[in-house]
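For reference, query08.cif (mmCIF, C-alpha atoms):
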data_upload
#
loop_
_atom_site.label_atom_id
_atom_site.label_comp_id
_atom_site.auth_asym_id
_atom_site.auth_seq_id
_atom_site.Cartn_x
_atom_site.Cartn_y
_atom_site.Cartn_z
CA MET U 1 -129.27 24.24 69.29
CA ARG U 2 -128.34 20.96 67.65
CA ARG U 3 -132.00 20.31 66.87
CA LEU U 4 -132.33 23.73 65.23
CA LEU U 5 -129.29 23.04 63.07
CA LEU U 6 -130.89 19.85 61.80
CA ILE U 7 -133.99 21.59 60.46
CA PRO U 8 -132.39 23.01 57.29
CA ALA U 9 -130.92 19.59 56.49
CA GLU U 10 -134.34 17.97 56.92
CA ILE U 11 -135.93 20.55 54.66
CA ALA U 12 -133.18 20.11 52.08
CA THR U 13 -133.69 16.33 52.12
CA ARG U 14 -137.42 16.79 51.63
CA LEU U 15 -136.86 19.16 48.70
CA GLN U 16 -134.40 16.79 47.05
CA ARG U 17 -136.90 13.96 47.35
CA ASP U 18 -139.84 16.02 46.10
CA ILE U 19 -138.95 17.55 42.73
CA LEU U 20 -142.30 19.32 42.30
CA LEU U 21 -142.02 20.99 45.69
CA LEU U 22 -138.47 22.07 44.88
CA VAL U 23 -139.49 23.58 41.53
CA LEU U 24 -142.38 25.47 43.12
CA VAL U 25 -140.19 26.84 45.90
CA LEU U 26 -137.55 28.02 43.42
CA LEU U 27 -140.21 29.56 41.16
CA CYS U 28 -141.77 31.41 44.11
CA PHE U 29 -138.34 32.66 45.14
CA GLY U 30 -137.59 33.91 41.63
CA LEU U 31 -140.96 35.64 41.26
CA SER U 32 -140.51 37.24 44.69
CA LEU U 33 -137.20 38.75 43.54
CA LEU U 34 -138.95 40.23 40.49
CA ASP U 35 -141.60 41.95 42.62
CA PRO U 36 -140.82 42.01 46.36
CA ASP U 37 -143.86 44.22 47.04
CA ALA U 38 -146.15 41.39 45.93
CA ILE U 39 -145.05 39.19 48.84
CA ALA U 40 -147.59 40.88 51.11
CA THR U 41 -150.37 39.73 48.76
CA TYR U 42 -149.41 36.04 48.79
CA PRO U 43 -152.00 34.98 51.40
CA GLN U 44 -154.77 36.59 49.30
CA ARG U 45 -153.65 34.64 46.24
CA VAL U 46 -154.30 31.28 47.90
CA ASP U 47 -157.78 29.78 47.57
CA TRP U 48 -158.01 28.80 51.25
CA PRO U 49 -161.40 27.04 50.97
CA THR U 50 -159.80 24.73 48.39
CA ILE U 51 -156.89 24.10 50.77
CA ALA U 52 -159.37 23.23 53.55
CA ALA U 53 -161.20 20.87 51.19
CA LEU U 54 -157.91 19.27 50.17
CA ALA U 55 -156.86 18.73 53.80
CA GLY U 56 -160.17 17.02 54.62
CA LEU U 57 -159.93 14.82 51.54
CA LEU U 58 -156.38 13.82 52.41
CA LEU U 59 -157.49 12.73 55.87
CA LEU U 60 -160.45 10.74 54.55
CA THR U 61 -158.64 9.03 51.68
CA THR U 62 -155.69 8.19 53.89
CA GLY U 63 -158.17 6.75 56.37
CA LEU U 64 -159.75 4.60 53.65
CA GLU U 65 -156.30 3.37 52.61
CA GLU U 66 -155.33 2.51 56.17
CA SER U 67 -158.67 0.75 56.73
CA GLY U 68 -157.88 -1.77 53.99
CA LEU U 69 -161.02 -0.99 51.96
CA LEU U 70 -159.20 0.12 48.82
CA GLN U 71 -156.87 -2.87 48.94
CA HIS U 72 -159.90 -5.12 49.40
CA ALA U 73 -161.61 -3.54 46.37
CA ALA U 74 -158.37 -3.93 44.40
CA TYR U 75 -158.27 -7.61 45.35
CA GLN U 76 -161.81 -8.12 44.05
CA MET U 77 -160.93 -6.36 40.79
CA ILE U 78 -157.84 -8.52 40.30
CA ILE U 79 -159.69 -11.81 40.68
CA ARG U 80 -162.63 -10.69 38.49
CA MET U 81 -160.86 -8.88 35.65
CA HIS U 82 -159.41 -11.16 32.99
CA SER U 83 -157.17 -8.79 31.05
CA GLU U 84 -155.17 -5.59 31.48
CA ARG U 85 -157.31 -3.90 28.85
CA ASN U 86 -160.57 -4.67 30.65
CA LEU U 87 -159.09 -3.47 33.93
CA ALA U 88 -157.85 -0.25 32.32
CA LEU U 89 -161.22 0.43 30.65
CA LEU U 90 -162.99 -0.13 33.98
CA LEU U 91 -160.69 2.27 35.85
CA VAL U 92 -160.81 4.89 33.09
CA GLY U 93 -164.60 4.72 32.84
CA THR U 94 -165.03 4.87 36.60
CA SER U 95 -162.66 7.84 36.89
CA ALA U 96 -164.45 9.79 34.17
CA ALA U 97 -167.91 9.06 35.59
CA MET U 98 -166.96 10.11 39.12
CA ALA U 99 -165.37 13.33 37.84
CA THR U 100 -168.67 14.52 36.39
CA VAL U 101 -170.30 14.67 39.83
CA LEU U 102 -167.45 14.71 42.38
CA THR U 103 -164.99 17.03 40.55
CA ASN U 104 -161.79 15.79 38.99
CA ASP U 105 -159.59 16.12 42.07
CA ILE U 106 -161.98 14.27 44.42
CA ALA U 107 -162.30 11.47 41.85
CA LEU U 108 -158.52 11.09 41.84
CA PHE U 109 -158.36 10.91 45.62
CA ILE U 110 -160.61 7.85 45.38
CA VAL U 111 -159.40 6.02 42.29
CA VAL U 112 -155.62 6.51 42.52
CA PRO U 113 -155.27 4.97 46.00
CA LEU U 114 -157.50 2.14 44.76
CA THR U 115 -155.14 1.60 41.83
CA LEU U 116 -152.08 1.70 44.06
CA GLY U 117 -153.71 -1.10 46.02
CA LEU U 118 -153.34 -3.31 42.94
CA ASN U 119 -149.56 -3.10 43.25
CA GLY U 120 -148.15 -6.40 44.48
CA MET U 121 -151.27 -8.39 43.63
CA ALA U 122 -150.27 -8.94 40.02
CA THR U 123 -147.75 -7.66 37.50
CA LEU U 124 -149.48 -4.53 36.22
CA PRO U 125 -148.44 -1.18 34.66
CA ILE U 126 -149.54 0.82 37.72
CA ALA U 127 -147.94 4.09 36.60
CA ARG U 128 -149.62 3.93 33.18
CA LEU U 129 -152.99 3.20 34.81
CA VAL U 130 -152.66 6.29 37.02
CA ILE U 131 -151.64 8.42 34.02
CA PHE U 132 -154.77 7.34 32.17
CA GLU U 133 -156.89 8.01 35.25
CA ALA U 134 -155.57 11.58 35.23
CA LEU U 135 -156.57 11.89 31.58
CA ALA U 136 -159.95 10.33 32.38
CA VAL U 137 -160.92 12.74 35.17
CA ASN U 138 -159.98 15.69 32.98
CA ALA U 139 -162.10 14.28 30.15
CA GLY U 140 -165.10 13.36 32.30
CA SER U 141 -165.11 16.61 34.26
CA VAL U 142 -165.79 18.78 31.20
CA LEU U 143 -169.47 17.82 31.07
CA THR U 144 -170.83 19.55 34.19
CA PRO U 145 -170.26 22.88 35.96
CA MET U 146 -169.05 21.13 39.13
CA GLY U 147 -166.68 18.86 37.21
CA ASN U 148 -163.70 21.20 37.57
CA PRO U 149 -162.87 24.71 38.83
CA GLN U 150 -162.71 26.40 35.41
CA ASN U 151 -166.17 25.09 34.50
CA LEU U 152 -167.59 26.35 37.79
CA PHE U 153 -166.04 29.77 37.29
CA LEU U 154 -167.23 30.15 33.68
CA TRP U 155 -170.70 28.76 34.45
CA GLN U 156 -171.23 31.26 37.26
CA ARG U 157 -169.93 34.03 35.01
CA SER U 158 -172.22 33.05 32.12
CA GLY U 159 -175.43 32.96 34.17
CA ILE U 160 -176.96 30.22 32.00
CA PRO U 161 -179.02 27.28 33.37
CA PHE U 162 -177.28 24.09 34.47
CA MET U 163 -178.61 21.90 31.64
CA ALA U 164 -177.81 24.55 29.02
CA PHE U 165 -174.18 24.41 30.14
CA VAL U 166 -174.19 20.61 29.96
CA ALA U 167 -175.66 20.71 26.45
CA GLU U 168 -172.92 23.04 25.22
CA MET U 169 -170.18 20.89 26.75
CA ALA U 170 -171.58 17.49 25.71
CA PRO U 171 -169.91 17.44 22.25
CA LEU U 172 -166.51 18.14 23.82
CA ALA U 173 -167.07 15.43 26.44
CA GLY U 174 -167.92 13.00 23.64
CA ILE U 175 -164.78 13.90 21.69
CA LEU U 176 -162.49 13.59 24.71
CA LEU U 177 -163.98 10.38 26.07
CA GLY U 178 -164.12 8.74 22.65
CA THR U 179 -160.48 9.61 22.00
CA LEU U 180 -159.48 8.42 25.47
CA LEU U 181 -161.24 5.06 25.16
CA ALA U 182 -159.58 4.45 21.79
CA LEU U 183 -156.19 5.38 23.25
CA THR U 184 -156.82 3.08 26.23
CA VAL U 185 -157.50 0.13 23.95
CA PHE U 186 -154.27 0.90 22.11
CA ALA U 187 -152.16 1.42 25.26
CA PHE U 188 -153.22 -1.66 27.24
CA PRO U 189 -152.94 -5.15 25.72
CA ALA U 190 -155.54 -7.87 26.13
CA ARG U 191 -152.93 -9.77 28.14
CA HIS U 192 -154.35 -12.08 30.79
CA ILE U 193 -153.91 -10.95 34.37
CA ASP U 194 -152.22 -13.59 36.53
CA PRO U 195 -152.73 -12.78 40.21
CA HIS U 196 -149.86 -13.71 42.49
CA GLU U 197 -150.60 -17.01 44.20
CA ASP U 198 -149.91 -15.70 47.68
CA ILE U 199 -152.36 -12.80 47.66
CA VAL U 200 -155.20 -12.93 50.17
CA PRO U 201 -158.07 -10.56 50.92
CA PRO U 202 -156.71 -7.88 53.27
CA LEU U 203 -158.14 -7.46 56.75
CA LEU U 204 -160.44 -4.52 57.29
CA ALA U 205 -160.08 -2.03 60.14
CA ARG U 206 -163.83 -1.77 60.51
CA ARG U 207 -163.97 1.05 63.07
CA LEU U 208 -161.80 3.27 60.88
CA LEU U 209 -163.65 2.17 57.75
CA TRP U 210 -167.12 2.99 59.07
CA SER U 211 -165.92 6.32 60.43
CA CYS U 212 -164.60 7.28 56.97
CA LEU U 213 -167.73 6.06 55.19
CA LEU U 214 -169.94 8.10 57.52
CA LEU U 215 -167.74 11.20 57.36
CA TYR U 216 -167.30 11.19 53.56
CA PRO U 217 -170.89 12.15 52.59
CA VAL U 218 -171.08 14.68 55.44
CA PHE U 219 -167.87 16.28 54.23
CA LEU U 220 -169.01 16.36 50.58
CA ILE U 221 -172.36 17.91 51.55
CA LEU U 222 -170.57 20.62 53.52
CA LEU U 223 -168.30 21.27 50.53
CA ASP U 224 -171.38 21.64 48.34
CA LEU U 225 -172.81 24.09 50.90
CA ARG U 226 -169.54 26.10 50.66
CA GLN U 227 -168.58 25.19 54.25
CA PRO U 228 -165.16 23.50 53.79
CA TRP U 229 -163.79 24.78 57.11
CA VAL U 230 -166.70 23.29 59.03
CA GLY U 231 -166.19 20.00 57.20
CA LEU U 232 -162.45 20.02 57.90
CA ALA U 233 -163.07 20.80 61.58
CA ILE U 234 -165.42 17.81 61.92
CA VAL U 235 -163.09 15.39 60.12
CA ALA U 236 -159.97 16.65 61.91
CA THR U 237 -161.67 16.39 65.31
CA VAL U 238 -162.69 12.76 64.74
CA PHE U 239 -159.29 11.72 63.37
CA GLY U 240 -157.39 13.65 66.03
CA ALA U 241 -159.38 12.00 68.81
CA ALA U 242 -159.64 8.43 67.49
CA PHE U 243 -157.13 7.86 64.68
CA ARG U 244 -153.96 9.79 65.38
CA GLN U 245 -151.79 7.22 63.61
CA VAL U 246 -153.70 7.95 60.39
CA VAL U 247 -153.03 11.67 60.76
CA LYS U 248 -149.30 10.90 60.82
CA GLN U 249 -149.59 8.98 57.52
CA VAL U 250 -151.16 11.90 55.59
CA ASP U 251 -149.00 13.50 52.89
CA TRP U 252 -149.15 16.98 54.40
CA ALA U 253 -146.49 18.22 51.98
CA LEU U 254 -149.20 18.15 49.31
CA ILE U 255 -150.88 21.05 51.16
CA ILE U 256 -147.67 23.09 50.83
CA VAL U 257 -147.46 22.13 47.16
CA PHE U 258 -150.96 23.48 46.50
CA VAL U 259 -150.39 26.68 48.42
CA LEU U 260 -147.32 27.31 46.25
CA ILE U 261 -149.23 26.38 43.09
CA PHE U 262 -151.86 29.03 43.79
CA ILE U 263 -149.23 31.67 44.52
CA ASP U 264 -146.89 30.82 41.62
CA LEU U 265 -149.50 30.41 38.91
CA ARG U 266 -151.38 33.56 39.84
CA LEU U 267 -148.12 35.52 39.96
CA LEU U 268 -147.28 34.23 36.48
CA ALA U 269 -150.73 35.21 35.20
CA ASP U 270 -150.21 38.75 36.55
CA LEU U 271 -146.84 39.28 34.89
CA PRO U 272 -146.96 42.27 32.49
CA PRO U 273 -145.52 40.23 29.57
CA VAL U 274 -148.28 37.63 30.03
CA GLN U 275 -150.97 40.30 30.26
CA ALA U 276 -149.51 42.13 27.23
CA MET U 277 -149.33 38.93 25.21
CA VAL U 278 -152.99 38.18 25.89
CA ALA U 279 -154.01 41.75 25.07
CA THR U 280 -152.26 41.68 21.67
CA ILE U 281 -153.47 38.25 20.53
CA GLY U 282 -156.75 39.56 19.18
CA LEU U 283 -159.19 37.55 21.27
CA HIS U 284 -162.19 39.01 19.48
CA ASP U 285 -161.50 36.37 16.82
CA PRO U 286 -163.06 33.03 17.93
CA GLN U 287 -160.30 30.87 16.46
CA ARG U 288 -157.59 32.94 18.15
CA LEU U 289 -159.50 32.83 21.42
CA PHE U 290 -159.71 29.04 21.25
CA LEU U 291 -156.04 28.53 20.37
CA ALA U 292 -154.93 31.09 22.96
CA GLY U 293 -156.89 29.28 25.67
CA VAL U 294 -155.25 25.96 24.86
CA LEU U 295 -151.73 27.42 24.69
CA ILE U 296 -152.03 29.65 27.78
CA SER U 297 -153.20 26.63 29.78
CA GLN U 298 -149.94 24.92 28.88
CA LEU U 299 -148.03 27.80 30.49
CA ILE U 300 -150.01 28.73 33.61
CA SER U 301 -152.57 25.87 33.97
CA ASN U 302 -156.16 25.94 32.76
CA VAL U 303 -157.85 27.47 35.83
CA PRO U 304 -155.80 30.70 35.93
CA GLY U 305 -155.82 30.59 32.12
CA ALA U 306 -159.63 30.70 32.07
CA ILE U 307 -159.66 33.52 34.63
CA LEU U 308 -157.15 35.49 32.55
CA LEU U 309 -159.08 35.05 29.27
CA ALA U 310 -162.36 36.01 30.96
CA GLU U 311 -160.91 39.50 31.43
CA HIS U 312 -160.77 39.87 27.65
CA SER U 313 -163.77 37.94 26.30
CA LEU U 314 -167.41 37.11 27.06
CA ASP U 315 -167.49 33.91 24.96
CA TRP U 316 -167.67 31.50 27.90
CA ARG U 317 -168.32 28.46 25.66
CA LEU U 318 -165.13 28.83 23.65
CA MET U 319 -163.15 29.60 26.78
CA ALA U 320 -164.54 26.51 28.50
CA TRP U 321 -163.69 24.29 25.52
CA ALA U 322 -160.20 25.76 25.26
CA ALA U 323 -159.40 25.59 28.99
CA ASN U 324 -160.60 21.99 29.26
CA ILE U 325 -158.59 20.88 26.23
CA GLY U 326 -155.63 22.81 27.63
CA GLY U 327 -155.71 20.52 30.68
CA PHE U 328 -154.02 17.91 28.51
CA GLY U 329 -150.57 18.19 27.01
CA LEU U 330 -148.01 19.48 29.53
CA LEU U 331 -148.26 18.36 33.12
CA ILE U 332 -148.99 21.86 34.40
CA GLY U 333 -152.05 22.12 32.13
CA SER U 334 -154.32 20.85 34.90
CA LEU U 335 -153.90 20.63 38.65
CA ALA U 336 -155.50 17.18 38.43
CA ASN U 337 -152.41 15.96 36.55
CA LEU U 338 -150.21 17.13 39.41
CA ILE U 339 -152.46 15.50 42.01
CA ALA U 340 -152.47 12.12 40.24
CA LEU U 341 -148.71 11.91 39.80
CA ARG U 342 -148.07 13.30 43.29
CA LEU U 343 -150.23 10.49 44.72
CA LEU U 344 -148.42 7.96 42.53
CA GLY U 345 -145.02 9.01 43.86
CA ASP U 346 -143.00 7.73 40.88
CA ARG U 347 -140.62 10.30 39.38
CA ARG U 348 -140.31 8.40 36.09
CA ALA U 349 -144.04 8.80 35.53
CA TRP U 350 -143.60 12.59 35.26
CA TRP U 351 -141.84 12.03 31.93
CA ASN U 352 -144.00 9.09 30.82
CA PHE U 353 -147.12 11.18 31.35
CA HIS U 354 -146.21 13.40 28.38
CA ALA U 355 -145.77 10.40 26.09
CA TRP U 356 -149.54 9.90 26.32
CA SER U 357 -150.86 13.36 27.18
CA LEU U 358 -149.18 15.30 24.35
CA PRO U 359 -150.51 13.02 21.56
CA PHE U 360 -153.90 13.14 23.26
CA LEU U 361 -153.82 16.95 23.18
CA VAL U 362 -152.97 16.96 19.47
CA ILE U 363 -155.69 14.45 18.53
CA ALA U 364 -158.48 15.79 20.78
CA GLY U 365 -157.53 19.41 20.10
CA THR U 366 -157.65 18.88 16.33
CA LEU U 367 -161.02 17.10 16.49
CA SER U 368 -162.45 19.84 18.71
CA TYR U 369 -161.13 22.57 16.44
CA LEU U 370 -162.76 20.89 13.42
CA TRP U 371 -166.04 20.51 15.34
CA LEU U 372 -166.07 24.21 16.22
CA PHE U 373 -164.73 25.81 13.04
CA ALA U 374 -164.90 23.36 10.11
CA GLY U 375 -168.14 24.89 8.89
CA ALA U 376 -167.09 28.47 9.56
#
Take the structure in this file and express it as structure tokens.
Amino acid sequence: MRRLLLIPAEIATRLQRDILLLVLVLLCFGLSLLDPDAIATYPQRVDWPTIAALAGLLLLTTGLEESGLLQHAAYQMIIRMHSERNLALLLVGTSAAMATVLTNDIALFIVVPLTLGLNGMATLPIARLVIFEALAVNAGSVLTPMGNPQNLFLWQRSGIPFMAFVAEMAPLAGILLGTLLALTVFAFPARHIDPHEDIVPPLLARRLLWSCLLLYPVFLILLDLRQPWVGLAIVATVFGAAFRQVVKQVDWALIIVFVLIFIDLRLLADLPPVQAMVATIGLHDPQRLFLAGVLISQLISNVPGAILLAEHSLDWRLMAWAANIGGFGLLIGSLANLIALRLLGDRRAWWNFHAWSLPFLVIAGTLSYLWLFAGA
């Protein structure tokens, strides 16, 4: 009985420590009060293949962290990079490049733990680096259909060839990446990096490392074959049998966060006021469609925003541009933003993120609008 009485206190402590989880729980509770009948549909609102993919990625990236590989790579970067600006440009460029082929969330699961490994090796603005990595994966992912979920959805809906999609998105990728590189140069000084004298190359847990390196491509191939549950079963079996301590280190609360994100955002998108607002905007007008896509993404995130707009328009190109630009600005604009800051684990960064993301939205959004409509 005493153990049962402790459970609510443990849950309350977890919620107090995790602001995002608390907000999502409260939002789900409020939306459930508005429409109790919808509770039965909650399991159908969750994209369970994505949850399976996320669980497998959490196991693998935690394994890489515990193996010492990411800390070792961070050590090499510290001793080879000569300035904060060069380091930031390297991390931003790497993040953007990986997002074009690995999707924005997978890129973050690789680069953010790597960046966290820099902490303690030198005096660096770790939180700002992670914020810019979130911006970078959103910018890099716009180029290809597999770069992010909204691109994949709109590409499949459009029915056009792969390279035709890339050609239509290339100008936006150029605008976003050019703006981001300029902002990176402004945000990070050319200050010399002074590694702490006592840092040494970390030891590698080679058995764990090789297991992760062998499992990673297998898991990604299975994801590409639309077999996330098979991939998760393989990874979970190996870790459960050989690396149980790693399993205990995984941030499993992130799974709960994503389940709630799917439920909450899709409930918001289904609200009659939201549906009515979209219906009365006049989406037949290209400029209104573009602006609506950017603004709706700020309210319900860009993936459900793209799905919602697709019910009212066939202009996949404008919707893709708008949804991708809408990933910047407010934190909720893109799930990648939430992943990056959740991995960072610094509450102050949730506010600092907007100091960079909102100006980026204004600059990149204005340039994109001019590109699309200046000659109209």
Polymer residues at most 12 Å from Trp356 of chain U, only C-alpha atoms, same-chain spacing of 6 or more positions, as number ranges by chain: U: 127-135, 179-180, 183-184, 186-187, 328-331, 349-350, 362-363
Nearest to Thr366 of chain U, chosen from U:Ile307, U:Ala269, U:Leu176, U:Met77, with only C-alpha atoms counted in the distances: U:Leu176
Applied to the shown file, which residues does the PyMOL selection byres ((chain U and resi 37-44) around 12) return, written as a list in words?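 So the PyMOL selection byres ((chain U and resi 37-44) around 12) ends up selecting Cys28, Phe29, Gly30, Leu31, Ser32, Leu33, Leu34, Asp35, Pro36, Arg45, Val46, Asp47, Trp48, Pro49, Ile51, Val259, Leu260, Ile261, Phe262, Ile263, Asp264, Leu265, Arg266, Leu267, Leu268, Asp270 and Leu271 of chain U.
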Using only C-alpha atoms for the distances, tell me which of U:Val92, U:Ile339, U:Leu225, U:Ile255 is nearest to Leu177 of chain U.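 Of U:Val92, U:Ile339, U:Leu225, U:Ile255, the one nearest Leu177 of chain U, counting only C-alpha atoms, is U:Val92.
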Since I can't run it myself right now, could you work out what the PyMOL selection byres ((chain U and resi 98) around 12) selects here and report it as a PyMOL selection string? chain U and resi 91-97+99-111+133+136-144+146-148
To test your reading of the syntax: which residues would the PyMOL selection byres ((chain U and resi 282-297) around 7) return for the file shown? Reply as a short mmCIF file (atom, residue, chain, number, x, y, z; two decimals) with C-alpha atoms, in the frame of the given file.
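Final output, saved to selection-v9.cif:
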data_model
loop_
_atom_site.label_atom_id
_atom_site.label_comp_id
_atom_site.auth_asym_id
_atom_site.auth_seq_id
_atom_site.Cartn_x
_atom_site.Cartn_y
_atom_site.Cartn_z
CA ALA U 279 -154.01 41.75 25.07
CA THR U 280 -152.26 41.68 21.67
CA ILE U 281 -153.47 38.25 20.53
CA GLN U 298 -149.94 24.92 28.88
CA LEU U 299 -148.03 27.80 30.49
CA ILE U 300 -150.01 28.73 33.61
CA SER U 301 -152.57 25.87 33.97
CA ASN U 302 -156.16 25.94 32.76
CA GLY U 305 -155.82 30.59 32.12
CA HIS U 312 -160.77 39.87 27.65
CA SER U 313 -163.77 37.94 26.30
CA LEU U 318 -165.13 28.83 23.65
CA MET U 319 -163.15 29.60 26.78
CA ALA U 322 -160.20 25.76 25.26
CA ALA U 323 -159.40 25.59 28.99
CA ILE U 325 -158.59 20.88 26.23
CA GLY U 326 -155.63 22.81 27.63
CA GLY U 327 -155.71 20.52 30.68
CA GLY U 333 -152.05 22.12 32.13
#
Provide the atom CA of Val238 of chain U to atom CA of Leu215 of chain U distance in Å, to one decimal place.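 It comes out at 9.1 Å.
Considering all atoms listed in the file, the residue among U:Leu214, U:Leu21, U:Leu172, U:Leu154 positioned nearest to Asp315 of chain U is U:Leu154.
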Would you mind listing what lies within 8 Å of Leu344 of chain U as a ChimeraX atom specification, with all atoms listed in the file counted and same-chain residues fewer than 2 positions away left out? /U:112,116,127,130,340-342,346
What does the file look like for those residues with C-alpha atoms, as a CSV table (one decimal), keeping the file's coordinate frame?
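And here is the file that came out, again.csv:
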chain,number,residue,atom,x,y,z
U,112,VAL,CA,-155.6,6.5,42.5
U,116,LEU,CA,-152.1,1.7,44.1
U,127,ALA,CA,-147.9,4.1,36.6
U,130,VAL,CA,-152.7,6.3,37.0
U,340,ALA,CA,-152.5,12.1,40.2
U,341,LEU,CA,-148.7,11.9,39.8
U,342,ARG,CA,-148.1,13.3,43.3
U,346,ASP,CA,-143.0,7.7,40.9
Could you please determine the separation between atom CA of Asp251 of chain U and atom CA of Leu118 of chain U in Å, to one decimal place?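 Computing it gives 20.0 Å between the two atoms.
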Restricting the calculation to all atoms listed in the file, which member of U:Pro202, U:Pro113, U:Pro149, U:Pro359 is positioned closest to Thr50 of chain U?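 Of all the options, U:Pro149 lies closest to Thr50 of chain U.
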Keeping N, CA and C atoms (and nothing else), can you write segment 118-129 of chain U of this structure as a PDB file, in the first residue's frame?
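Ended up saving to selection19.pdb:
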ATOM      1  N   LEU U 118      30.663  17.860 -26.007  1.00  0.00           N
ATOM      2  CA  LEU U 118      31.634  18.956 -25.931  1.00  0.00           C
ATOM      3  C   LEU U 118      31.627  19.629 -24.569  1.00  0.00           C
ATOM      4  N   ASN U 119      30.534  19.464 -23.840  1.00  0.00           N
ATOM      5  CA  ASN U 119      30.389  20.129 -22.544  1.00  0.00           C
ATOM      6  C   ASN U 119      31.451  19.612 -21.570  1.00  0.00           C
ATOM      7  N   GLY U 120      32.176  20.512 -20.959  1.00  0.00           N
ATOM      8  CA  GLY U 120      33.232  20.146 -20.022  1.00  0.00           C
ATOM      9  C   GLY U 120      34.606  20.083 -20.649  1.00  0.00           C
ATOM     10  N   MET U 121      34.661  20.045 -21.993  1.00  0.00           N
ATOM     11  CA  MET U 121      35.960  20.008 -22.658  1.00  0.00           C
ATOM     12  C   MET U 121      36.516  21.404 -22.897  1.00  0.00           C
ATOM     13  N   ALA U 122      35.619  22.370 -23.010  1.00  0.00           N
ATOM     14  CA  ALA U 122      36.005  23.767 -23.191  1.00  0.00           C
ATOM     15  C   ALA U 122      34.800  24.623 -22.833  1.00  0.00           C
ATOM     16  N   THR U 123      35.028  25.907 -22.656  1.00  0.00           N
ATOM     17  CA  THR U 123      33.929  26.819 -22.356  1.00  0.00           C
ATOM     18  C   THR U 123      33.238  27.186 -23.659  1.00  0.00           C
ATOM     19  N   LEU U 124      32.050  26.593 -23.877  1.00  0.00           N
ATOM     20  CA  LEU U 124      31.340  26.758 -25.142  1.00  0.00           C
ATOM     21  C   LEU U 124      29.863  27.039 -24.881  1.00  0.00           C
ATOM     22  N   PRO U 125      29.190  27.757 -25.793  1.00  0.00           N
ATOM     23  CA  PRO U 125      27.745  28.004 -25.665  1.00  0.00           C
ATOM     24  C   PRO U 125      26.958  26.794 -26.162  1.00  0.00           C
ATOM     25  N   ILE U 126      26.908  25.735 -25.365  1.00  0.00           N
ATOM     26  CA  ILE U 126      26.316  24.469 -25.786  1.00  0.00           C
ATOM     27  C   ILE U 126      24.845  24.653 -26.173  1.00  0.00           C
ATOM     28  N   ALA U 127      24.095  25.384 -25.343  1.00  0.00           N
ATOM     29  CA  ALA U 127      22.665  25.562 -25.617  1.00  0.00           C
ATOM     30  C   ALA U 127      22.451  26.265 -26.959  1.00  0.00           C
ATOM     31  N   ARG U 128      23.250  27.285 -27.232  1.00  0.00           N
ATOM     32  CA  ARG U 128      23.100  28.011 -28.503  1.00  0.00           C
ATOM     33  C   ARG U 128      23.461  27.110 -29.683  1.00  0.00           C
ATOM     34  N   LEU U 129      24.460  26.264 -29.522  1.00  0.00           N
ATOM     35  CA  LEU U 129      24.828  25.336 -30.587  1.00  0.00           C
ATOM     36  C   LEU U 129      23.670  24.382 -30.894  1.00  0.00           C
TER      37      LEU U 129
END
